[in-house]
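The block underneath contains the structure these notes are about, expressed in structure tokens.
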Amino acid sequence: MDSLLLSLTSMQSPLLPAPLAFRLYLDLAWGLVLAALALPALARWAPRHERLKLWLPPLLLLWCLLPGAWSPTYWLGLALRAPSGLLCVLCAWALWRHYRPQTPGAAPLQLLRPWAWPLVALGWVLLLDTFAWWPFSLYAWGFAPLLIGALALLGLLPAVLSTQRAMSGLWIAALLLHVLLRLPTGNAWDAVLDPALWLWLQVDALRRLRRKA
């Protein structure tokens with residue numbers, strides 16, 4: 001039992017993604033993010049341009065596959081690192097609903113809002129960890145196999161206690177991407193949260209609070 005517990009909590013030999021897999025993931029992930037961000041912009045500024053709605057998202061995705069500084073991935077990666085697996089599956093879900101509008105289920109924004117404040121709080125805790133405010137390294141725990149199981153159980157709780165099965169499914173999909181390919185960084189925290197998603201959650205939460213005030 002001691003050796004099993006030690007292997008589940010060990011942070012000494014983290015499994016990292018293959019360099020090629022990470023390179024492909026970085027391009028595709030930011031492509032999904034930009035393509036999904038185009039959807040609300042198109043709905044607001046070009047609601048009647050059906051061809052633009054059809055072709056702009058895949059063109060943005062292809063743009064991110066360009067090499068070097070010609071790709072927005074180069075600059076986004078420098079500023080915000082890699083998108084989390086959770087952000088990727090949310091954007092993929094948004095694109096799927098865009099091209100398959102008959103798909104049942106809520107939009108990604110509606111799915112994510114009940115999870116906003118816990119993820120915002122987690123982001124602040126991890127940010128303070130980078131400044132060594134805690135007596136332990138919380139980020140390093142993300143390399144321990146036990147944390148993946150804990151995050152999976154937390155992600156399943158909404159499906160058990162309420163009817164939010166779609167969001168739990170997306171959460172588990174992000175963790176499976178991490179388990180199978182160690183993407184994006186080999187750390188479980190990066191599978192469920194990233195700087196871009198964290199900043200967006202805070203802006204959206206503050207806007208909702210302002211509307212209620």
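Residues are referred to by chain and number: the chain letter is A, B, ... according to the order shown in the structure tokens, the number counts from 1 in that chain, and ligands are numbered separately from 1 in the order shown.
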Closest contacts (segment 53-88 of chain A/segment 29-36 of chain A, max 9 Å, only C-alpha atoms) as a tab-separated table:
```
residue	atom	partner	partner_atom	distance
A:Leu56	CA	A:Ala35	CA	7.5
A:Pro57	CA	A:Ala35	CA	4.2
A:Pro58	CA	A:Ala35	CA	6.7
A:Leu59	CA	A:Ala35	CA	8.1
A:Leu60	CA	A:Ala35	CA	5.6
A:Leu61	CA	A:Gly31	CA	4.0
A:Leu62	CA	A:Gly31	CA	7.1
A:Trp63	CA	A:Gly31	CA	7.5
A:Cys64	CA	A:Gly31	CA	5.2
A:Leu65	CA	A:Gly31	CA	7.6
A:Pro72	CA	A:Trp30	CA	8.1
A:Thr73	CA	A:Trp30	CA	6.1
A:Leu76	CA	A:Trp30	CA	7.8
A:Gly77	CA	A:Trp30	CA	8.5
A:Ala82	CA	A:Ala29	CA	7.5
A:Pro83	CA	A:Ala29	CA	6.3
A:Ser84	CA	A:Ala29	CA	8.4
A:Gly85	CA	A:Ala29	CA	8.3
A:Leu87	CA	A:Val33	CA	7.6
A:Cys88	CA	A:Ala29	CA	5.8
```
May I have the selected residues written with C-alpha atoms, as a PDB file, in the first residue's frame?
```pdb
ATOM      1  CA  LEU A  56     -14.553  31.979 -41.886  1.00  0.00           C
ATOM      2  CA  PRO A  57     -14.118  29.522 -38.943  1.00  0.00           C
ATOM      3  CA  PRO A  58     -12.246  26.878 -41.009  1.00  0.00           C
ATOM      4  CA  LEU A  59     -10.126  29.597 -42.653  1.00  0.00           C
ATOM      5  CA  LEU A  60      -9.073  30.845 -39.220  1.00  0.00           C
ATOM      6  CA  LEU A  61      -8.214  27.277 -38.251  1.00  0.00           C
ATOM      7  CA  LEU A  62      -6.059  26.885 -41.373  1.00  0.00           C
ATOM      8  CA  TRP A  63      -4.401  30.245 -40.694  1.00  0.00           C
ATOM      9  CA  CYS A  64      -3.146  28.900 -37.376  1.00  0.00           C
ATOM     10  CA  LEU A  65      -1.417  26.034 -39.200  1.00  0.00           C
ATOM     11  CA  PRO A  72      -1.304  33.778 -34.891  1.00  0.00           C
ATOM     12  CA  THR A  73      -0.319  30.677 -32.947  1.00  0.00           C
ATOM     13  CA  LEU A  76      -0.641  33.677 -28.895  1.00  0.00           C
ATOM     14  CA  GLY A  77       1.719  30.976 -27.681  1.00  0.00           C
ATOM     15  CA  ALA A  82      -1.149  26.680 -24.912  1.00  0.00           C
ATOM     16  CA  PRO A  83      -4.923  26.493 -24.477  1.00  0.00           C
ATOM     17  CA  SER A  84      -6.122  23.998 -21.918  1.00  0.00           C
ATOM     18  CA  GLY A  85      -7.812  20.810 -22.966  1.00  0.00           C
ATOM     19  CA  LEU A  87     -10.940  25.266 -23.589  1.00  0.00           C
ATOM     20  CA  CYS A  88     -10.290  23.142 -26.676  1.00  0.00           C
TER      21      CYS A  88
END
```
inquiry  = Need to verify the contact set: Arg165 of chain A, 12 Å, only C-alpha atoms, exclusion of same-chain residues closer than 3 positions in sequence. Can you return it as a PyMOL selection string?
reply    = chain A and resi 105-106+111-112+155-162+168-172
Could you save those same residues with N, CA and C atoms as a PDB file, in the first residue's frame?
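The resulting part.pdb:
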```pdb
ATOM      1  N   GLY A 105     -28.654  20.179 -26.413  1.00  0.00           N
ATOM      2  CA  GLY A 105     -27.724  20.604 -25.368  1.00  0.00           C
ATOM      3  C   GLY A 105     -27.516  22.099 -25.373  1.00  0.00           C
ATOM      4  N   ALA A 106     -26.960  22.602 -24.270  1.00  0.00           N
ATOM      5  CA  ALA A 106     -26.758  24.036 -24.107  1.00  0.00           C
ATOM      6  C   ALA A 106     -25.487  24.493 -24.812  1.00  0.00           C
ATOM      7  N   LEU A 111     -22.955  26.344 -20.446  1.00  0.00           N
ATOM      8  CA  LEU A 111     -22.443  25.194 -19.704  1.00  0.00           C
ATOM      9  C   LEU A 111     -21.356  25.589 -18.715  1.00  0.00           C
ATOM     10  N   LEU A 112     -20.543  26.548 -19.112  1.00  0.00           N
ATOM     11  CA  LEU A 112     -19.369  26.884 -18.313  1.00  0.00           C
ATOM     12  C   LEU A 112     -19.677  27.837 -17.170  1.00  0.00           C
ATOM     13  N   GLY A 155     -15.288  16.584 -11.514  1.00  0.00           N
ATOM     14  CA  GLY A 155     -16.018  16.855 -12.744  1.00  0.00           C
ATOM     15  C   GLY A 155     -17.288  16.050 -12.880  1.00  0.00           C
ATOM     16  N   LEU A 156     -17.341  14.892 -12.243  1.00  0.00           N
ATOM     17  CA  LEU A 156     -18.542  14.056 -12.319  1.00  0.00           C
ATOM     18  C   LEU A 156     -19.610  14.469 -11.310  1.00  0.00           C
ATOM     19  N   LEU A 157     -19.228  15.223 -10.295  1.00  0.00           N
ATOM     20  CA  LEU A 157     -20.203  15.613  -9.273  1.00  0.00           C
ATOM     21  C   LEU A 157     -21.414  16.360  -9.831  1.00  0.00           C
ATOM     22  N   PRO A 158     -21.232  17.359 -10.730  1.00  0.00           N
ATOM     23  CA  PRO A 158     -22.418  18.043 -11.265  1.00  0.00           C
ATOM     24  C   PRO A 158     -23.370  17.108 -11.997  1.00  0.00           C
ATOM     25  N   ALA A 159     -22.829  16.096 -12.682  1.00  0.00           N
ATOM     26  CA  ALA A 159     -23.690  15.153 -13.383  1.00  0.00           C
ATOM     27  C   ALA A 159     -24.470  14.285 -12.415  1.00  0.00           C
ATOM     28  N   VAL A 160     -23.887  14.006 -11.250  1.00  0.00           N
ATOM     29  CA  VAL A 160     -24.560  13.176 -10.248  1.00  0.00           C
ATOM     30  C   VAL A 160     -25.573  13.987  -9.451  1.00  0.00           C
ATOM     31  N   LEU A 161     -25.196  15.222  -9.088  1.00  0.00           N
ATOM     32  CA  LEU A 161     -26.037  16.035  -8.212  1.00  0.00           C
ATOM     33  C   LEU A 161     -27.057  16.880  -8.962  1.00  0.00           C
ATOM     34  N   SER A 162     -26.859  17.087 -10.265  1.00  0.00           N
ATOM     35  CA  SER A 162     -27.791  17.913 -11.036  1.00  0.00           C
ATOM     36  C   SER A 162     -27.922  17.311 -12.436  1.00  0.00           C
ATOM     37  N   SER A 168     -19.975  17.962 -17.619  1.00  0.00           N
ATOM     38  CA  SER A 168     -19.167  16.895 -17.037  1.00  0.00           C
ATOM     39  C   SER A 168     -18.509  16.058 -18.128  1.00  0.00           C
ATOM     40  N   GLY A 169     -19.238  15.819 -19.220  1.00  0.00           N
ATOM     41  CA  GLY A 169     -18.664  15.072 -20.332  1.00  0.00           C
ATOM     42  C   GLY A 169     -17.497  15.794 -20.981  1.00  0.00           C
ATOM     43  N   LEU A 170     -17.619  17.112 -21.151  1.00  0.00           N
ATOM     44  CA  LEU A 170     -16.528  17.889 -21.725  1.00  0.00           C
ATOM     45  C   LEU A 170     -15.322  17.918 -20.785  1.00  0.00           C
ATOM     46  N   TRP A 171     -15.603  18.020 -19.489  1.00  0.00           N
ATOM     47  CA  TRP A 171     -14.521  18.006 -18.483  1.00  0.00           C
ATOM     48  C   TRP A 171     -13.747  16.693 -18.546  1.00  0.00           C
ATOM     49  N   ILE A 172     -14.462  15.574 -18.603  1.00  0.00           N
ATOM     50  CA  ILE A 172     -13.811  14.260 -18.674  1.00  0.00           C
ATOM     51  C   ILE A 172     -13.060  14.106 -19.992  1.00  0.00           C
TER      52      ILE A 172
END
```
key: Selection near segment 117-128 of chain A, 9 Å with only C-alpha atoms, sequence-local residues under 2 positions removed, as number ranges by chain   = A: 113-115, 130-134, 138-139, 189, 192-195, 198-199, 201-202, 205
Selection from above, N, CA and C atoms, as a compact mmCIF listing (two decimals), in the first residue's frame, can you write it?
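File produced: out_11.txt:
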```txt
# COMPACT_ATOMS: atom_id res chain seq x y z
N ARG A 113 -20.73 28.62 -17.27
CA ARG A 113 -20.98 29.66 -16.27
C ARG A 113 -21.14 29.13 -14.85
N PRO A 114 -21.82 28.00 -14.61
CA PRO A 114 -21.87 27.49 -13.23
C PRO A 114 -20.50 27.09 -12.67
N TRP A 115 -19.54 26.86 -13.54
CA TRP A 115 -18.19 26.46 -13.13
C TRP A 115 -17.25 27.66 -13.03
N THR A 130 2.79 30.60 -8.12
CA THR A 130 3.97 30.97 -8.91
C THR A 130 4.84 31.98 -8.17
N PHE A 131 4.26 32.72 -7.22
CA PHE A 131 5.03 33.66 -6.41
C PHE A 131 5.45 33.05 -5.07
N ALA A 132 5.27 31.73 -4.95
CA ALA A 132 5.70 31.00 -3.75
C ALA A 132 5.02 31.51 -2.50
N TRP A 133 3.72 31.78 -2.58
CA TRP A 133 2.97 32.22 -1.42
C TRP A 133 2.56 31.06 -0.52
N TRP A 134 2.56 29.86 -1.06
CA TRP A 134 2.10 28.70 -0.28
C TRP A 134 3.30 27.92 0.24
N LEU A 138 1.81 23.88 -5.29
CA LEU A 138 0.54 23.35 -5.76
C LEU A 138 0.62 22.93 -7.22
N TYR A 139 1.31 23.72 -8.03
CA TYR A 139 1.40 23.37 -9.45
C TYR A 139 2.09 22.03 -9.66
N TRP A 189 -3.27 20.42 -14.04
CA TRP A 189 -3.89 21.75 -13.90
C TRP A 189 -4.04 22.41 -15.26
N VAL A 192 -7.22 21.66 -17.41
CA VAL A 192 -8.53 22.21 -17.10
C VAL A 192 -8.55 23.73 -17.00
N LEU A 193 -7.37 24.37 -17.07
CA LEU A 193 -7.34 25.83 -16.95
C LEU A 193 -6.10 26.37 -17.64
N ASP A 194 -6.25 27.53 -18.26
CA ASP A 194 -5.14 28.22 -18.90
C ASP A 194 -5.35 29.72 -18.76
N PRO A 195 -4.33 30.55 -18.99
CA PRO A 195 -4.49 32.00 -18.80
C PRO A 195 -5.61 32.62 -19.61
N TRP A 198 -8.95 31.60 -18.08
CA TRP A 198 -9.09 32.22 -16.76
C TRP A 198 -9.46 33.70 -16.88
N LEU A 199 -8.78 34.43 -17.77
CA LEU A 199 -9.08 35.84 -17.96
C LEU A 199 -10.49 36.03 -18.51
N LEU A 201 -13.08 34.05 -18.14
CA LEU A 201 -14.05 33.74 -17.10
C LEU A 201 -14.23 34.91 -16.15
N GLN A 202 -13.15 35.59 -15.82
CA GLN A 202 -13.26 36.73 -14.91
C GLN A 202 -14.01 37.89 -15.56
N ALA A 205 -17.69 36.93 -15.68
CA ALA A 205 -18.30 36.96 -14.36
C ALA A 205 -18.53 38.39 -13.87
```
Within 12 Å of segment 40-45 of chain A, which residues of segment 70-181 of chain A show up? Give each one with its shortest atom-to-atom distance in Å (one decimal) and the two atoms involved, counting only C-alpha atoms, rows by chain then rising residue number, as a Markdown table.
```
| residue | atom | partner | partner_atom | distance |
| --- | --- | --- | --- | --- |
| A:Cys91 | CA | A:Pro40 | CA | 11.9 |
| A:Ala94 | CA | A:Pro40 | CA | 10.2 |
| A:Leu95 | CA | A:Pro40 | CA | 11.1 |
| A:His98 | CA | A:Pro40 | CA | 10.4 |
| A:Ala107 | CA | A:Pro40 | CA | 11.5 |
| A:Pro108 | CA | A:Pro40 | CA | 11.9 |
| A:Leu109 | CA | A:Pro40 | CA | 10.9 |
```
